[in-house]
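Data block for query_39.cif (mmCIF, C-alpha atoms):
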```cif
data_upload
#
loop_
_atom_site.label_atom_id
_atom_site.label_comp_id
_atom_site.auth_asym_id
_atom_site.auth_seq_id
_atom_site.Cartn_x
_atom_site.Cartn_y
_atom_site.Cartn_z
CA MET A 1 91.46 185.25 -158.31
CA ILE A 2 93.59 186.13 -155.29
CA LYS A 3 93.83 183.31 -152.75
CA ILE A 4 94.61 184.07 -149.10
CA LEU A 5 95.50 181.64 -146.32
CA PHE A 6 95.39 182.89 -142.72
CA VAL A 7 97.55 180.87 -140.32
CA CYS A 8 97.79 180.61 -136.53
CA LEU A 9 98.95 177.93 -134.11
CA GLY A 10 95.84 175.73 -133.83
CA ASN A 11 93.38 177.02 -136.44
CA ILE A 12 90.53 177.26 -133.95
CA CYS A 13 90.66 180.91 -132.82
CA ARG A 14 92.59 183.62 -134.67
CA SER A 15 92.96 182.24 -138.18
CA PRO A 16 89.34 181.05 -138.57
CA MET A 17 88.13 184.32 -137.05
CA ALA A 18 90.28 186.16 -139.63
CA GLU A 19 88.97 183.86 -142.37
CA PHE A 20 85.33 184.65 -141.63
CA ILE A 21 85.89 188.35 -140.89
CA MET A 22 87.68 188.63 -144.24
CA LYS A 23 85.01 186.64 -146.08
CA ASP A 24 82.39 188.99 -144.62
CA MET A 25 84.35 192.07 -145.73
CA VAL A 26 84.99 190.59 -149.18
CA ALA A 27 81.28 189.81 -149.62
CA ARG A 28 80.25 193.31 -148.53
CA ALA A 29 82.74 194.74 -151.04
CA GLY A 30 81.28 192.57 -153.81
CA LEU A 31 84.62 190.81 -154.41
CA THR A 32 83.74 187.16 -153.76
CA ASP A 33 84.52 186.27 -157.37
CA GLU A 34 87.97 187.82 -157.03
CA ILE A 35 89.16 186.91 -153.52
CA TYR A 36 89.20 183.44 -151.95
CA VAL A 37 89.97 182.92 -148.24
CA GLU A 38 90.86 179.90 -146.07
CA SER A 39 92.74 179.26 -142.83
CA ALA A 40 95.13 176.69 -141.39
CA ALA A 41 97.37 175.88 -138.41
CA THR A 42 101.08 175.43 -137.91
CA SER A 43 100.49 172.54 -135.48
CA TYR A 44 98.51 169.30 -135.41
CA GLU A 45 97.18 170.00 -131.89
CA GLU A 46 93.63 170.93 -132.88
CA GLU A 47 93.41 169.14 -136.23
CA GLY A 48 89.80 168.22 -137.01
CA ASN A 49 88.29 170.50 -134.37
CA ASP A 50 85.76 173.22 -135.14
CA ILE A 51 86.15 176.88 -134.19
CA TYR A 52 86.63 177.33 -130.43
CA PRO A 53 83.18 178.16 -128.90
CA PRO A 54 84.19 181.55 -127.40
CA ALA A 55 85.47 182.59 -130.86
CA LYS A 56 82.10 181.61 -132.34
CA ARG A 57 80.29 183.62 -129.68
CA LYS A 58 82.37 186.69 -130.51
CA LEU A 59 81.66 186.32 -134.24
CA ASP A 60 77.95 185.89 -133.40
CA ARG A 61 77.95 189.11 -131.33
CA GLU A 62 79.55 190.98 -134.23
CA GLY A 63 77.17 189.54 -136.82
CA VAL A 64 79.93 187.74 -138.74
CA LEU A 65 78.65 184.57 -140.37
CA TYR A 66 80.75 181.41 -140.19
CA SER A 67 80.28 177.77 -141.03
CA LYS A 68 81.23 174.53 -139.32
CA ARG A 69 84.76 173.64 -140.26
CA ARG A 70 87.65 171.40 -139.30
CA ALA A 71 91.02 172.76 -138.25
CA ARG A 72 93.80 171.68 -140.57
CA ARG A 73 97.55 172.04 -140.71
CA ILE A 74 99.24 174.01 -143.46
CA THR A 75 100.85 171.84 -146.14
CA ALA A 76 103.76 172.41 -148.50
CA SER A 77 101.32 172.43 -151.44
CA ASP A 78 99.49 175.41 -149.89
CA TYR A 79 102.44 177.52 -151.00
CA GLU A 80 101.59 176.80 -154.65
CA ILE A 81 97.84 177.25 -154.15
CA PHE A 82 97.75 180.52 -152.18
CA ASP A 83 98.98 183.96 -153.23
CA MET A 84 99.29 185.22 -149.65
CA ILE A 85 100.01 183.25 -146.48
CA ILE A 86 99.26 185.51 -143.56
CA ALA A 87 100.41 184.70 -140.04
CA MET A 88 98.83 186.01 -136.87
CA GLU A 89 102.19 186.46 -135.14
CA LYS A 90 105.89 186.27 -135.94
CA ARG A 91 106.17 182.89 -134.20
CA ASN A 92 103.68 181.45 -136.71
CA ILE A 93 106.06 182.39 -139.53
CA SER A 94 108.64 179.97 -138.09
CA GLY A 95 106.02 177.22 -138.09
CA ILE A 96 105.00 178.03 -141.65
CA MET A 97 108.62 177.97 -142.82
CA ARG A 98 109.18 174.54 -141.23
CA VAL A 99 106.50 173.25 -143.60
CA ILE A 100 107.09 175.21 -146.82
CA GLU A 101 110.88 175.57 -146.29
CA LYS A 102 111.37 178.53 -148.67
CA ASP A 103 109.43 181.65 -149.61
CA PRO A 104 110.91 182.71 -152.96
CA ASP A 105 107.75 184.61 -153.94
CA HIS A 106 107.54 186.49 -150.62
CA LYS A 107 104.03 185.24 -149.90
CA VAL A 108 104.47 184.85 -146.13
CA ARG A 109 103.88 187.79 -143.79
CA THR A 110 102.01 188.84 -140.67
CA LEU A 111 98.57 190.45 -140.78
CA LEU A 112 99.70 193.40 -138.65
CA ASP A 113 103.11 194.81 -137.84
CA ARG A 114 102.55 193.50 -134.31
CA ASP A 115 101.54 190.10 -133.00
CA ILE A 116 97.85 189.38 -132.58
CA ALA A 117 97.44 187.88 -129.13
CA ASP A 118 96.06 184.35 -128.96
CA PRO A 119 92.71 184.52 -127.11
CA TRP A 120 93.03 180.83 -126.25
CA TYR A 121 95.61 182.01 -123.70
CA THR A 122 94.48 185.59 -123.00
CA GLY A 123 90.72 185.03 -122.99
CA ASP A 124 90.39 188.46 -124.63
CA PHE A 125 88.36 187.70 -127.76
CA ASP A 126 87.30 191.35 -128.04
CA ARG A 127 90.89 192.54 -128.44
CA THR A 128 91.69 189.76 -130.90
CA TYR A 129 88.57 190.58 -132.93
CA ASP A 130 89.52 194.27 -133.03
CA ASP A 131 93.06 193.46 -134.18
CA LEU A 132 91.80 191.03 -136.83
CA THR A 133 89.26 193.55 -138.09
CA GLU A 134 91.96 196.22 -138.34
CA GLY A 135 94.29 193.90 -140.22
CA CYS A 136 91.61 192.53 -142.54
CA ALA A 137 90.38 196.03 -143.40
CA ALA A 138 93.92 197.09 -144.33
CA LEU A 139 94.41 193.89 -146.33
CA LEU A 140 91.12 194.43 -148.15
CA ASN A 141 92.25 197.92 -149.16
CA GLU A 142 95.47 196.42 -150.50
CA LEU A 143 93.53 193.76 -152.40
CA ARG A 144 91.13 196.34 -153.85
CA ALA A 145 94.11 198.13 -155.39
CA ILE A 146 95.36 194.84 -156.85
CA THR A 147 91.96 193.85 -158.25
CA ASN A 148 91.38 197.36 -159.64
CA ASN A 149 94.76 197.27 -161.41
CA SER A 150 93.95 193.81 -162.71
CA ARG A 151 90.63 195.03 -164.12
CA LYS A 152 92.37 198.01 -165.78
CA ASP A 153 94.97 195.73 -167.37
CA THR A 154 92.26 193.42 -168.70
CA SER A 155 90.10 196.25 -170.07
CA SER A 156 93.00 197.92 -171.90
CA ARG A 157 93.79 194.82 -173.96
#
```
Whole structure, structure tokens version:
Amino acid sequence: MIKILFVCLGNICRSPMAEFIMKDMVARAGLTDEIYVESAATSYEEEGNDIYPPAKRKLDREGVLYSKRRARRITASDYEIFDMIIAMEKRNISGIMRVIEKDPDHKVRTLLDRDIADPWYTGDFDRTYDDLTEGCAALLNELRAITNNSRKDTSSR
């Protein structure tokens, strides 16, 4: 199983939106037994809070299911648990590295080659959703290739 952790500053807008967008895409692709997804924050600011209401409303409008959750901060042990730690912007990588210290397995990266704007500040949940959907679709294609190769390796034994 491939385990993915999406990370943003507070874990109430971008990273949980990415988590549930990706879970939706994974389910539609029939890969829920092969891909696991969570999200976390680089800060303690929103720890324990649920998804920000405007982010929920955007997910509702797009038909993306989500569940009640509690924002949490990334931990050093997440590095051992997750195969990919995906930041929403370059600044989040600095926050991730303060916690995990090293990335010898090159697990940490951004979702897109550009920063995904924080809708907490911009108010533009549509743009953030579009960026997250673009990034998650590309990531899913990458993961499909990995899972297909894994299946081929297993079947040839």
Quiz item: How many Å separate CA of Lys107 in chain A from CA of Ser94 in chain A?
Solution: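 Spanning CA of Lys107 in chain A to CA of Ser94 in chain A is a straight-line distance of 13.7 Å.
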Got a sec: who's within 10 Å of His106 in chain A, counting all atoms listed in the file, leaving out chain neighbours fewer than 5 positions off, as a PDB file with C-alpha atoms, keeping the file's coordinate frame?
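And here is the file that came out, selection.pdb:
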```pdb
ATOM      1  CA  ASP A  83      98.980 183.960-153.230  1.00  0.00           C
ATOM      2  CA  MET A  84      99.290 185.220-149.650  1.00  0.00           C
ATOM      3  CA  ILE A  85     100.010 183.250-146.480  1.00  0.00           C
TER       4      ILE A  85
END
```
Practice problem: Please evaluate the PyMOL selection byres ((chain A and resi 135-149) around 10) against the structure above and give the resulting residues as a ChimeraX atom specification. | Solution: /A:1-2,18-19,21-23,25-26,29,31,34-35,88,110-113,116,129-134,150-155
Exercise. Within 8 Å of range 60-68 of chain A, counting only C-alpha atoms, which residues show up once you throw out same-chain ones fewer than 5 positions away? Write them as a VMD selection string, please.
Key: chain A and resid 20 to 21 24 50 to 51
Quiz item: Which of these residues is nearest to Ile96 in chain A, using only C-alpha atoms: A:Cys13, A:Ala71, A:Cys8, A:Ala27?
Solution: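 Counting only C-alpha atoms, the residue closest to Ile96 in chain A is A:Cys8.
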Practice problem: Between CA of Val108 in chain A and CA of Ile93 in chain A, measure the distance and give it in Å to one decimal. | Solution: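 Interatomic distance, CA of Val108 in chain A to CA of Ile93 in chain A: 7.2 Å.
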Quiz prompt | Hits from the PyMOL selection byres ((chain A and resi 7) around 6), listed as a ChimeraX atom specification | solution = /A:6,8,15,39-41,86-87
Quiz prompt | For CA of Arg70 in chain A and CA of Gly48 in chain A, the interatomic separation in Å (one decimal) | solution =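 We find that CA of Arg70 in chain A and CA of Gly48 in chain A lie 4.5 Å from each other.
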Quiz prompt | Selected residue of minimal separation from Val99 in chain A among A:Glu47, A:Asp78, A:Glu38, A:Asp33, counting all atoms listed in the file | solution = A:Asp78
